[in-house]
file data_4.tsv (TSV, C-alpha atoms)
chain	number	residue	atom	x	y	z
A	4	MET	CA	3.58	-13.89	4.38
A	5	ALA	CA	2.70	-10.32	4.75
A	6	ARG	CA	4.65	-7.41	3.61
A	7	TRP	CA	4.92	-6.16	7.15
A	8	ASP	CA	3.83	-2.69	6.17
A	9	GLY	CA	0.67	-2.06	8.16
A	10	THR	CA	-0.80	0.21	5.48
A	11	GLU	CA	-4.51	-0.04	4.85
A	12	THR	CA	-4.71	-1.33	1.31
A	13	ALA	CA	-7.78	-2.44	-0.58
A	14	ALA	CA	-8.19	-6.21	-0.37
A	15	GLY	CA	-10.42	-6.31	-3.45
A	16	PRO	CA	-7.95	-4.58	-5.81
A	17	GLU	CA	-5.10	-6.73	-4.48
A	18	ARG	CA	-7.11	-9.85	-5.24
A	19	ASP	CA	-7.77	-8.50	-8.73
A	20	ALA	CA	-4.06	-7.85	-9.24
A	21	ARG	CA	-3.20	-11.36	-8.07
A	22	SER	CA	-5.90	-12.73	-10.38
A	23	ALA	CA	-4.41	-10.87	-13.34
A	24	ASP	CA	-0.94	-12.18	-12.45
A	25	ASP	CA	-2.31	-15.72	-12.18
A	26	GLU	CA	-3.96	-15.45	-15.60
A	27	ALA	CA	-0.73	-14.21	-17.17
A	28	ARG	CA	1.22	-16.98	-15.45
A	29	TRP	CA	-1.19	-19.66	-16.68
A	30	PHE	CA	-0.99	-18.23	-20.20
A	31	ARG	CA	2.81	-18.51	-20.12
A	32	VAL	CA	2.58	-22.08	-18.79
A	33	LEU	CA	0.20	-23.08	-21.60
A	34	LEU	CA	2.47	-21.38	-24.13
A	35	HIS	CA	5.53	-23.25	-22.85
A	36	VAL	CA	3.66	-26.56	-22.84
A	37	GLY	CA	2.47	-25.87	-26.39
A	38	PHE	CA	6.00	-25.09	-27.53
A	39	PHE	CA	7.42	-28.36	-26.24
A	40	LEU	CA	4.48	-30.33	-27.63
A	41	LEU	CA	5.04	-28.79	-31.08
A	42	LEU	CA	8.77	-29.34	-30.84
A	43	GLY	CA	8.34	-32.94	-29.72
A	44	SER	CA	5.72	-33.79	-32.32
A	45	SER	CA	7.81	-32.22	-35.11
A	46	LEU	CA	10.87	-34.18	-34.05
A	47	THR	CA	8.86	-37.41	-33.78
A	48	ARG	CA	7.36	-36.89	-37.25
A	49	PHE	CA	10.80	-36.26	-38.72
A	50	LEU	CA	12.38	-39.33	-37.11
A	51	MET	CA	9.49	-41.57	-38.19
A	52	ARG	CA	9.69	-40.48	-41.82
A	53	HIS	CA	13.37	-39.64	-42.34
A	54	THR	CA	15.30	-42.14	-40.25
A	55	GLY	CA	17.62	-42.91	-43.12
A	56	ASP	CA	18.55	-39.33	-43.90
A	57	GLY	CA	22.03	-38.15	-43.10
A	58	ILE	CA	20.67	-34.95	-41.61
A	59	ALA	CA	18.82	-36.75	-38.80
A	60	PRO	CA	21.64	-36.30	-36.23
A	61	TRP	CA	21.79	-32.58	-37.03
A	62	VAL	CA	18.04	-32.23	-36.61
A	63	VAL	CA	18.14	-34.00	-33.23
A	64	VAL	CA	21.04	-31.84	-32.03
A	65	LEU	CA	19.35	-28.62	-33.17
A	66	ALA	CA	16.03	-29.64	-31.58
A	67	ILE	CA	17.76	-30.33	-28.27
A	68	ALA	CA	19.64	-27.03	-28.52
A	69	LEU	CA	16.40	-25.14	-29.19
A	70	ALA	CA	14.73	-26.79	-26.19
A	71	ALA	CA	17.72	-25.93	-23.97
A	72	LEU	CA	17.71	-22.32	-25.14
A	73	TYR	CA	13.98	-22.04	-24.51
A	74	VAL	CA	14.36	-23.37	-20.97
A	75	ALA	CA	17.12	-20.82	-20.25
A	76	GLU	CA	14.74	-17.86	-20.65
A	77	PRO	CA	13.85	-17.34	-16.92
A	78	ALA	CA	17.53	-16.83	-16.04
A	79	LEU	CA	17.60	-13.75	-18.30
A	80	ALA	CA	14.50	-12.07	-16.88
A	81	THR	CA	16.11	-8.70	-16.04
A	82	ASP	CA	18.99	-8.53	-18.54
A	83	ARG	CA	17.63	-6.98	-21.74
A	84	PRO	CA	20.81	-7.21	-23.91
A	85	ARG	CA	21.28	-10.86	-23.02
A	86	ARG	CA	17.59	-11.53	-23.67
A	87	HIS	CA	18.00	-10.09	-27.18
A	88	LEU	CA	21.02	-12.32	-27.79
A	89	TRP	CA	19.08	-15.28	-26.43
A	90	LEU	CA	16.11	-14.54	-28.71
A	91	GLY	CA	18.47	-14.26	-31.69
A	92	ALA	CA	20.03	-17.63	-30.83
A	93	CYS	CA	16.58	-19.24	-30.54
A	94	THR	CA	15.53	-17.78	-33.87
A	95	ALA	CA	18.72	-18.84	-35.68
A	96	THR	CA	18.43	-22.37	-34.30
A	97	TRP	CA	14.77	-22.54	-35.32
A	98	ILE	CA	15.51	-21.31	-38.85
A	99	ALA	CA	18.21	-23.94	-39.27
A	100	LEU	CA	15.76	-26.59	-38.05
A	101	VAL	CA	13.04	-25.42	-40.43
A	102	PHE	CA	15.29	-25.58	-43.48
A	103	LEU	CA	16.39	-29.08	-42.50
A	104	ALA	CA	12.89	-30.24	-41.48
A	105	PRO	CA	10.04	-27.89	-42.56
A	106	SER	CA	7.58	-29.46	-40.09
A	107	PHE	CA	9.34	-27.49	-37.33
A	108	ALA	CA	7.72	-24.35	-38.79
A	109	TRP	CA	4.80	-24.82	-36.36
A	110	CYS	CA	7.15	-23.91	-33.49
A	111	SER	CA	7.07	-20.34	-34.77
A	112	ILE	CA	3.81	-19.65	-32.89
A	113	PRO	CA	5.41	-19.55	-29.42
A	114	LEU	CA	8.31	-17.58	-30.93
A	115	PHE	CA	5.81	-14.90	-32.01
A	116	TYR	CA	4.96	-14.37	-28.36
A	117	LEU	CA	8.62	-14.19	-27.33
A	118	GLY	CA	9.29	-11.54	-29.97
A	119	LEU	CA	6.27	-9.45	-28.98
A	120	ARG	CA	7.22	-9.64	-25.32
A	121	ASN	CA	10.93	-8.82	-25.69
A	122	LEU	CA	11.15	-6.42	-28.66
A	123	ARG	CA	9.85	-2.95	-29.36
A	124	PRO	CA	6.80	-2.88	-31.67
A	125	PRO	CA	8.61	-1.94	-34.92
A	126	VAL	CA	11.34	-4.53	-34.33
A	127	ALA	CA	8.76	-7.12	-33.24
A	128	ALA	CA	6.82	-6.58	-36.48
A	129	GLY	CA	9.95	-7.25	-38.54
A	130	PHE	CA	10.76	-10.26	-36.38
A	131	ILE	CA	7.30	-11.78	-36.91
A	132	GLY	CA	7.51	-11.03	-40.63
A	133	LEU	CA	10.81	-12.93	-40.80
A	134	LEU	CA	9.36	-15.94	-39.00
A	135	THR	CA	6.33	-15.90	-41.30
A	136	VAL	CA	8.45	-15.76	-44.49
A	137	VAL	CA	10.62	-18.61	-43.25
A	138	SER	CA	7.54	-20.70	-42.40
A	139	VAL	CA	5.90	-20.09	-45.80
A	140	THR	CA	9.13	-20.84	-47.66
A	141	ALA	CA	9.71	-24.05	-45.73
A	142	GLN	CA	6.13	-25.27	-46.18
A	143	LEU	CA	6.19	-24.55	-49.92
A	144	ARG	CA	9.46	-26.43	-50.23
A	145	LEU	CA	7.96	-29.35	-48.33
A	146	ALA	CA	4.83	-29.40	-50.51
A	147	GLY	CA	6.87	-29.30	-53.72
A	148	ARG	CA	4.33	-27.05	-55.43
A	149	PHE	CA	2.66	-23.68	-54.99
A	150	GLU	CA	-0.48	-23.74	-52.80
A	151	PHE	CA	-2.55	-20.76	-51.70
A	152	ASP	CA	-3.36	-22.24	-48.29
A	153	ILE	CA	0.34	-22.48	-47.52
A	154	LEU	CA	0.92	-18.94	-48.74
A	155	LEU	CA	-1.97	-17.50	-46.74
A	156	GLY	CA	-2.08	-19.80	-43.67
A	157	PRO	CA	1.09	-18.75	-41.79
A	158	PRO	CA	0.42	-14.99	-42.22
A	159	ALA	CA	-3.14	-15.50	-40.97
A	160	VAL	CA	-1.89	-17.43	-37.94
A	161	ALA	CA	0.70	-14.70	-37.27
A	162	ALA	CA	-1.95	-11.99	-37.51
A	163	ILE	CA	-4.24	-13.84	-35.08
A	164	CYS	CA	-1.38	-14.37	-32.59
A	165	VAL	CA	-0.38	-10.71	-32.76
A	166	ALA	CA	-3.98	-9.55	-32.33
A	167	VAL	CA	-4.52	-11.83	-29.32
A	168	PHE	CA	-1.28	-10.74	-27.67
A	169	VAL	CA	-1.85	-7.02	-28.27
A	170	ARG	CA	-5.41	-7.28	-26.94
A	171	MET	CA	-4.36	-9.19	-23.82
A	172	ASP	CA	-1.44	-6.85	-23.18
A	173	GLU	CA	-3.69	-3.78	-23.50
A	174	GLN	CA	-6.32	-5.25	-21.16
A	175	THR	CA	-3.66	-6.20	-18.61
A	176	ARG	CA	-2.13	-2.72	-18.74
A	177	ARG	CA	-5.48	-1.01	-18.29
A	178	GLN	CA	-6.45	-3.34	-15.47
A	179	ARG	CA	-3.21	-2.63	-13.63
A	180	GLU	CA	-3.66	1.11	-14.07
A	181	LEU	CA	-7.21	0.91	-12.71
A	182	ILE	CA	-6.11	-1.23	-9.78
A	183	THR	CA	-3.23	1.15	-9.00
A	184	ASP	CA	-5.56	4.16	-9.12
A	185	LEU	CA	-8.13	2.42	-6.91
A	186	VAL	CA	-5.56	1.34	-4.33
A	187	ARG	CA	-4.07	4.85	-4.23
A	188	THR	CA	-7.51	6.44	-3.90
A	189	ARG	CA	-8.52	4.11	-1.09
A	190	ARG	CA	-5.22	4.68	0.68
A	191	GLU	CA	-5.68	8.45	0.43
A	192	LEU	CA	-9.25	8.12	1.67
A	193	ALA	CA	-8.14	5.96	4.59
A	194	ALA	CA	-5.42	8.47	5.47
A	195	THR	CA	-7.95	11.31	5.34
A	196	GLU	CA	-10.35	9.39	7.57
A	197	ARG	CA	-7.53	8.66	10.03
A	198	ARG	CA	-6.57	12.32	10.15
A	199	GLU	CA	-10.19	13.38	10.67
A	200	GLY	CA	-10.65	10.73	13.34
A	201	THR	CA	-7.46	11.85	15.07
A	202	LEU	CA	-8.54	15.49	15.04
A	203	ALA	CA	-12.02	14.57	16.31
A	204	GLU	CA	-10.53	12.49	19.13
A	205	ARG	CA	-8.12	15.29	20.05
A	206	GLN	CA	-11.00	17.74	20.17
A	207	ARG	CA	-13.04	15.37	22.32
A	208	LEU	CA	-10.16	14.84	24.73
A	209	SER	CA	-9.42	18.57	24.90
A	210	MET	CA	-13.05	19.29	25.81
A	211	GLU	CA	-13.06	16.46	28.35
A	212	ILE	CA	-9.86	17.71	29.96
A	213	HIS	CA	-11.12	21.29	29.96
A	214	ASP	CA	-14.45	20.38	31.54
A	215	THR	CA	-12.96	18.06	34.18
A	216	LEU	CA	-9.26	18.23	35.01
A	217	ALA	CA	-8.66	21.84	34.01
A	218	GLN	CA	-11.77	23.10	35.81
A	219	GLY	CA	-10.90	21.03	38.85
A	220	LEU	CA	-7.33	22.36	38.96
A	221	SER	CA	-8.64	25.91	38.63
A	222	SER	CA	-11.03	25.35	41.54
A	223	GLN	CA	-8.24	23.84	43.62
A	224	GLN	CA	-6.06	26.84	42.95
A	225	MET	CA	-8.79	29.26	44.04
A	226	LEU	CA	-9.57	27.29	47.19
A	227	LEU	CA	-5.92	26.99	48.19
A	228	GLN	CA	-5.36	30.69	47.58
A	229	ALA	CA	-8.42	31.48	49.72
A	230	ALA	CA	-7.11	29.13	52.43
A	231	ASP	CA	-3.75	30.88	52.35
A	232	ARG	CA	-5.37	34.28	52.83
A	233	THR	CA	-7.51	33.16	55.81
A	234	TRP	CA	-5.06	30.71	57.37
A	235	ARG	CA	-4.26	32.94	60.32
A	236	SER	CA	-7.35	35.07	60.60
A	237	ASP	CA	-9.93	32.26	60.21
A	238	PRO	CA	-8.32	28.82	60.54
A	239	GLY	CA	-11.67	27.00	60.40
A	240	THR	CA	-12.57	28.52	57.04
A	241	ALA	CA	-9.05	27.81	55.74
A	242	HIS	CA	-9.37	24.15	56.74
A	243	ARG	CA	-12.72	23.90	54.94
A	244	HIS	CA	-11.10	25.32	51.81
A	245	VAL	CA	-8.29	22.78	52.04
A	246	ARG	CA	-10.75	19.88	52.52
A	247	ALA	CA	-12.77	21.09	49.51
A	248	ALA	CA	-9.57	21.26	47.44
A	249	THR	CA	-8.70	17.73	48.57
A	250	ALA	CA	-12.12	16.44	47.46
A	251	ILE	CA	-11.68	18.09	44.08
A	252	ALA	CA	-8.23	16.50	43.75
A	253	GLU	CA	-9.76	13.07	44.44
A	254	ARG	CA	-12.39	13.63	41.74
A	255	ASN	CA	-9.71	14.78	39.30
A	256	LEU	CA	-7.65	11.66	40.07
A	257	THR	CA	-10.71	9.53	39.31
A	258	GLU	CA	-11.22	11.37	36.01
A	259	ALA	CA	-7.56	10.94	35.09
A	260	ARG	CA	-7.77	7.21	35.72
A	261	ARG	CA	-10.88	7.06	33.53
A	262	PHE	CA	-8.99	8.74	30.71
A	263	VAL	CA	-6.16	6.22	31.01
A	264	HIS	CA	-8.67	3.38	31.07
A	265	ASP	CA	-10.47	4.68	27.98
A	266	LEU	CA	-7.24	5.10	26.02
A	267	ALA	CA	-6.00	1.60	26.82
A	268	PRO	CA	-6.70	-1.27	24.35
A	269	ALA	CA	-10.21	-2.62	24.83
A	270	ASP	CA	-8.94	-6.18	25.33
A	271	LEU	CA	-6.99	-5.00	28.40
A	272	ALA	CA	-9.84	-2.96	29.84
A	273	GLY	CA	-11.47	-6.01	31.41
A	274	GLY	CA	-8.55	-6.54	33.73
A	275	GLY	CA	-7.71	-10.06	32.49
A	276	GLY	CA	-4.14	-9.14	31.65
A	277	LEU	CA	-2.07	-9.64	28.51
A	278	ASP	CA	-2.51	-13.43	28.42
A	279	GLU	CA	-6.28	-13.24	28.21
A	280	ALA	CA	-6.13	-10.27	25.81
A	281	LEU	CA	-3.96	-12.26	23.37
A	282	ARG	CA	-6.29	-15.26	23.60
A	283	ALA	CA	-9.26	-13.01	22.87
A	284	LEU	CA	-7.37	-11.51	19.92
A	285	ALA	CA	-6.60	-15.00	18.55
A	286	ARG	CA	-10.27	-16.01	18.80
A	287	ARG	CA	-11.40	-12.81	17.12
A	288	GLU	CA	-8.89	-13.06	14.25
A	289	SER	CA	-9.62	-16.74	13.51
A	290	THR	CA	-11.75	-17.21	10.40
A	291	ALA	CA	-12.62	-19.99	8.00
A	292	GLY	CA	-9.46	-19.26	6.01
A	293	LEU	CA	-7.08	-18.45	8.88
A	294	ALA	CA	-6.70	-20.33	12.15
A	295	VAL	CA	-4.95	-18.32	14.88
A	296	ARG	CA	-3.64	-20.07	17.98
A	297	CYS	CA	-2.34	-18.54	21.20
A	298	HIS	CA	0.13	-20.17	23.58
A	299	VAL	CA	1.60	-18.80	26.80
A	300	GLU	CA	4.78	-20.21	28.30
A	301	GLY	CA	5.99	-19.48	31.78
A	302	VAL	CA	4.63	-17.27	34.55
A	303	PRO	CA	5.56	-13.60	34.97
A	304	ALA	CA	7.67	-12.86	38.03
A	305	ARG	CA	5.61	-9.72	38.54
A	306	ARG	CA	2.73	-8.00	36.84
A	307	LEU	CA	3.72	-6.39	33.55
A	308	PRO	CA	3.37	-2.60	33.43
A	309	ASP	CA	0.29	-1.40	31.57
A	310	ARG	CA	2.52	0.29	29.00
A	311	VAL	CA	4.27	-2.99	28.18
A	312	GLN	CA	1.01	-4.94	27.98
A	313	SER	CA	-0.56	-2.33	25.70
A	314	ALA	CA	2.47	-2.20	23.38
A	315	LEU	CA	2.75	-5.99	23.06
A	316	LEU	CA	-0.95	-6.28	22.33
A	317	ARG	CA	-0.67	-3.57	19.66
A	318	ILE	CA	2.31	-5.41	18.12
A	319	ALA	CA	0.27	-8.62	17.97
A	320	GLN	CA	-2.68	-6.78	16.41
A	321	GLY	CA	-0.50	-5.14	13.75
A	322	ALA	CA	1.27	-8.39	12.91
A	323	LEU	CA	-1.98	-10.33	12.55
A	324	ALA	CA	-3.46	-7.54	10.43
A	325	ASN	CA	-0.56	-8.02	8.00
A	326	VAL	CA	-1.03	-11.79	8.04
A	327	ARG	CA	-4.70	-11.42	7.24
A	328	GLU	CA	-4.25	-8.81	4.50
A	329	HIS	CA	-1.12	-9.95	2.70
A	330	ALA	CA	0.18	-13.38	3.72
A	331	ASP	CA	-2.33	-15.85	2.23
A	332	ALA	CA	-1.59	-17.93	5.32
A	333	ARG	CA	-3.70	-20.79	6.65
A	334	THR	CA	-2.41	-20.74	10.23
A	335	ALA	CA	-0.83	-18.22	12.54
A	336	ALA	CA	0.42	-18.56	16.10
A	337	LEU	CA	0.86	-16.11	18.96
A	338	THR	CA	3.37	-17.26	21.55
A	339	LEU	CA	3.98	-15.24	24.72
A	340	THR	CA	7.01	-16.41	26.70
A	341	TYR	CA	7.89	-15.15	30.18
A	342	LEU	CA	11.61	-15.46	30.90
A	343	ASP	CA	13.57	-14.41	33.96
A	344	ASP	CA	14.62	-11.05	32.57
A	345	GLN	CA	12.33	-10.42	29.61
A	346	VAL	CA	9.03	-11.22	27.95
A	347	VAL	CA	8.99	-12.38	24.32
A	348	LEU	CA	6.08	-12.24	21.88
A	349	ASP	CA	6.38	-14.38	18.72
A	350	VAL	CA	3.95	-14.09	15.79
A	351	ALA	CA	4.45	-16.86	13.23
A	352	ASP	CA	2.55	-17.79	10.07
A	353	ASP	CA	2.81	-20.28	7.20
A	354	GLY	CA	2.15	-17.71	4.47
A	355	ARG	CA	4.02	-16.66	1.35
A	356	GLY	CA	6.94	-15.03	3.15
A	357	PHE	CA	9.03	-12.11	1.88
A	358	ASP	CA	12.51	-10.60	1.88
A	359	PRO	CA	12.77	-8.38	5.00
A	360	SER	CA	15.58	-6.38	3.38
A	361	GLU	CA	13.12	-5.07	0.77
A	362	VAL	CA	10.94	-3.32	3.36
A	363	ARG	CA	11.83	0.37	3.55
A	364	ALA	CA	10.47	2.85	6.04
A	365	ASP	CA	10.29	5.59	3.40
A	366	ASP	CA	8.28	3.52	0.94
A	367	GLY	CA	4.99	5.23	0.15
A	368	VAL	CA	3.20	1.90	-0.45
A	369	ARG	CA	4.93	-0.45	1.94
A	370	GLY	CA	7.04	-0.18	5.04
A	371	HIS	CA	4.99	1.75	7.63
A	372	GLY	CA	3.82	-1.21	9.74
A	373	LEU	CA	7.13	-2.93	10.45
A	374	PRO	CA	8.94	0.29	11.45
A	375	ALA	CA	5.97	1.17	13.65
A	376	ILE	CA	6.14	-2.23	15.34
A	377	ARG	CA	9.90	-1.87	15.74
A	378	THR	CA	9.43	1.60	17.23
A	379	ARG	CA	6.99	0.23	19.82
A	380	ALA	CA	9.53	-2.42	20.83
A	381	HIS	CA	12.42	0.07	20.98
A	382	GLN	CA	10.39	2.52	23.08
A	383	LEU	CA	10.19	-0.23	25.69
A	384	GLY	CA	13.92	-0.87	25.50
A	385	GLY	CA	13.32	-4.08	23.54
A	386	THR	CA	14.26	-5.54	20.18
A	387	LEU	CA	12.39	-6.79	17.13
A	388	THR	CA	13.52	-9.66	14.91
A	389	VAL	CA	11.92	-10.70	11.62
A	390	GLU	CA	12.82	-14.02	10.02
A	391	SER	CA	11.29	-14.70	6.60
A	392	SER	CA	11.99	-15.73	3.03
A	393	PRO	CA	9.70	-16.05	-0.01
A	394	GLY	CA	7.51	-19.13	0.28
A	395	GLU	CA	8.73	-20.02	3.79
A	396	GLY	CA	6.39	-18.04	6.05
A	397	THR	CA	7.43	-15.43	8.59
A	398	VAL	CA	8.29	-15.24	12.29
A	399	LEU	CA	8.22	-11.88	14.05
A	400	SER	CA	9.74	-11.81	17.54
A	401	ALA	CA	9.50	-8.87	19.93
A	402	ALA	CA	11.57	-9.12	23.13
A	403	VAL	CA	11.01	-6.61	25.93
A	404	PRO	CA	13.05	-6.53	29.15
A	405	LEU	CA	11.00	-6.82	32.33
A	406	ALA	CA	12.69	-3.70	33.64
A	407	ALA	CA	11.46	-1.71	30.64
A	408	PRO	CA	11.81	2.06	30.87
call {"tool": "encode", "arguments": {"input": "data_4.tsv", "output": "structure tokens"}}
result
Amino acid sequence: MARWDGTETAAGPERDARSADDEARWFRVLLHVGFFLLLGSSLTRFLMRHTGDGIAPWVVVLAIALAALYVAEPALATDRPRRHLWLGACTATWIALVFLAPSFAWCSIPLFYLGLRNLRPPVAAGFIGLLTVVSVTAQLRLAGRFEFDILLGPPAVAAICVAVFVRMDEQTRRQRELITDLVRTRRELAATERREGTLAERQRLSMEIHDTLAQGLSSQQMLLQAADRTWRSDPGTAHRHVRAATAIAERNLTEARRFVHDLAPADLAGGGGLDEALRALARRESTAGLAVRCHVEGVPARRLPDRVQSALLRIAQGALANVREHADARTAALTLTYLDDQVVLDVADDGRGFDPSEVRADDGVRGHGLPAIRTRAHQLGGTLTVESSPGEGTVLSAAVPLAAP
């Protein structure tokens, strides 16, 4: 599901980042599959040709131990000292296997990658050199005579593996830097545009208020002051001033209502209420890749205040924006439930999910949307609940009391 952050990030760069992560993940999968194929084929070859040797049980035990050590790698993802110990154990087990059965030397290729990924460049170079020397020595011992192809083959394979890894790592690093720069630039541009739009809207409203409400109030003040001065000496004129001030007040009230109408969400401007506004939002947000449904349960005991309707609609819009941008969800559901003492809006999706405890309000990249949604709910005297876990989708629930302040 979404990182409920509400920030305007660039969809294109995020797709590129996910694509790069997918490519790296597939490369690791192929590498792991290759390792176990090499290990299995080497063990099969040894058992088919050396079934009578007394070392066969040792070879089988060491092969199983190497496979078990290799599988244990993900559990050490963030512990560097333990990863170094684990890599040393894998290497020692592999060396013992190679000296017992030289055909296991082919398993060194995946070990090259492990060394390059877990060790600093100078140490990784020595590590690869050690694996190469062991492979050459074992192959020469197996051949029983000196051969140039054996002497030159393993170093050539090691050089190719190192070149491929270094090239891929450099491309991945540059791509991530470019994506990070692009996302940051677009975020800064979006923030600048929002600020400019806010200032332009403030200026427009200030001019509107000055030309309508402020002018009207000034005219009312002048008319009422004139009426006060002539109240006793010329009651008829005073009454005309009062009636003119009343007419201006009516026009100002009309203008004020127009301002409120213009500032309200467009989906509520038609007068259909929150139910119809949520249905319209669901229809508008539904695309070929995301189906959004809307369901209303119960009947409100009384009409919801405009402030409550507007806030709940904004919460739904923000939640669906996060679903669309970040969740990779196929379906989402808006559920509006009218209870006796409160109204509850649920926004659920079947996306990737996330850990709500990782969302921080002070995070410069994530965390603005969920606190903003929570603030809207709290301003109405309500609560916000987020239930999610990685891979399990997300349910956001905003509950607002019907007697909201």
call {"tool": "atom_distance", "arguments": {"input": "data_4.tsv", "atom1": "atom CA of A:Glu253", "atom2": "atom CA of A:Ser222"}}
result
12.7 Å
call {"tool": "residues_around", "arguments": {"input": "data_4.tsv", "residues": "stretch 330-334 of chain A", "least_positions_apart": "6", "cutoff": "9 Å", "atoms": "all atoms listed in the file", "output": "ChimeraX atom specification"}}
result
/A:4-6,289,292-296,351-356,396-397
call {"tool": "residues_around", "arguments": {"input": "data_4.tsv", "residues": "stretch 163-179 of chain A", "least_positions_apart": "3", "cutoff": "8 Å", "atoms": "only C-alpha atoms", "output": "PyMOL selection string"}}
result
chain A and resi 20+23+112+115-116+119+159-160+182-183
call {"tool": "write_last_selection", "arguments": {"input": "data_4.tsv", "atoms": "C-alpha atoms", "output": "PDB file, in the coordinates of the input"}}
result
ATOM      1  CA  ALA A  20      -4.060  -7.850  -9.240  1.00  0.00           C
ATOM      2  CA  ALA A  23      -4.410 -10.870 -13.340  1.00  0.00           C
ATOM      3  CA  ILE A 112       3.810 -19.650 -32.890  1.00  0.00           C
ATOM      4  CA  PHE A 115       5.810 -14.900 -32.010  1.00  0.00           C
ATOM      5  CA  TYR A 116       4.960 -14.370 -28.360  1.00  0.00           C
ATOM      6  CA  LEU A 119       6.270  -9.450 -28.980  1.00  0.00           C
ATOM      7  CA  ALA A 159      -3.140 -15.500 -40.970  1.00  0.00           C
ATOM      8  CA  VAL A 160      -1.890 -17.430 -37.940  1.00  0.00           C
ATOM      9  CA  ILE A 182      -6.110  -1.230  -9.780  1.00  0.00           C
ATOM     10  CA  THR A 183      -3.230   1.150  -9.000  1.00  0.00           C
TER      11      THR A 183
END
call {"tool": "residues_near_point", "arguments": {"input": "data_4.tsv", "point": "(6.2, -19.0, -30.6)", "cutoff": "10 Å", "atoms": "only C-alpha atoms", "output": "ChimeraX atom specification"}}
result
/A:34-35,37-38,41,94,108-119,131,134,161,164
call {"tool": "atom_distance", "arguments": {"input": "data_4.tsv", "atom1": "atom CA of A:Pro105", "atom2": "atom CA of A:Arg31"}}
result
25.4 Å
call {"tool": "closest_residue", "arguments": {"input": "data_4.tsv", "among": "A:Asn325, A:Thr378, A:Ser45, A:Ser360", "to": "A:Leu100", "atoms": "all atoms listed in the file"}}
result
A:Ser45
call {"tool": "residues_around", "arguments": {"input": "data_4.tsv", "residues": "A:Leu155", "least_positions_apart": "3", "cutoff": "12 Å", "atoms": "all atoms listed in the file", "output": "count of residues only"}}
result
16
call {"tool": "residues_around", "arguments": {"input": "data_4.tsv", "residues": "A:Leu103", "least_positions_apart": "2", "cutoff": "12 Å", "atoms": "all atoms listed in the file", "output": "PyMOL selection string"}}
result
chain A and resi 45-46+49+53+56-66+96-101+105-108+137+141-142+144-145
call {"tool": "decode", "arguments": {"input": "data_4.tsv", "residues": "stretch 345-358 of chain A", "atoms": "N, CA and C atoms", "output": "compact mmCIF listing (two decimals), in the first residue's frame"}}
result
# COMPACT_ATOMS: atom_id res chain seq x y z
N GLN A 345 -21.68 8.82 15.57
CA GLN A 345 -20.53 9.22 14.78
C GLN A 345 -20.67 8.74 13.33
N VAL A 346 -19.84 9.29 12.48
CA VAL A 346 -19.76 8.86 11.09
C VAL A 346 -18.34 8.38 10.86
N VAL A 347 -18.20 7.25 10.17
CA VAL A 347 -16.90 6.60 9.99
C VAL A 347 -16.63 6.45 8.49
N LEU A 348 -15.45 6.88 8.08
CA LEU A 348 -15.00 6.71 6.70
C LEU A 348 -13.83 5.74 6.69
N ASP A 349 -13.98 4.63 5.96
CA ASP A 349 -12.91 3.64 5.81
C ASP A 349 -12.40 3.67 4.37
N VAL A 350 -11.08 3.68 4.22
CA VAL A 350 -10.44 3.59 2.90
C VAL A 350 -9.52 2.38 2.94
N ALA A 351 -9.87 1.35 2.18
CA ALA A 351 -9.11 0.09 2.20
C ALA A 351 -8.57 -0.22 0.81
N ASP A 352 -7.39 -0.86 0.78
CA ASP A 352 -6.83 -1.28 -0.51
C ASP A 352 -6.11 -2.61 -0.34
N ASP A 353 -5.83 -3.26 -1.46
CA ASP A 353 -5.14 -4.56 -1.45
C ASP A 353 -3.71 -4.42 -1.94
N GLY A 354 -3.08 -3.27 -1.65
CA GLY A 354 -1.74 -3.00 -2.15
C GLY A 354 -0.64 -3.62 -1.32
N ARG A 355 0.56 -3.04 -1.44
CA ARG A 355 1.76 -3.64 -0.86
C ARG A 355 1.83 -3.51 0.65
N GLY A 356 1.10 -2.57 1.22
CA GLY A 356 1.13 -2.39 2.67
C GLY A 356 2.43 -1.73 3.13
N PHE A 357 2.50 -1.41 4.42
CA PHE A 357 3.69 -0.78 4.99
C PHE A 357 3.61 -0.87 6.50
N ASP A 358 4.68 -0.44 7.15
CA ASP A 358 4.73 -0.41 8.61
C ASP A 358 4.37 1.00 9.07
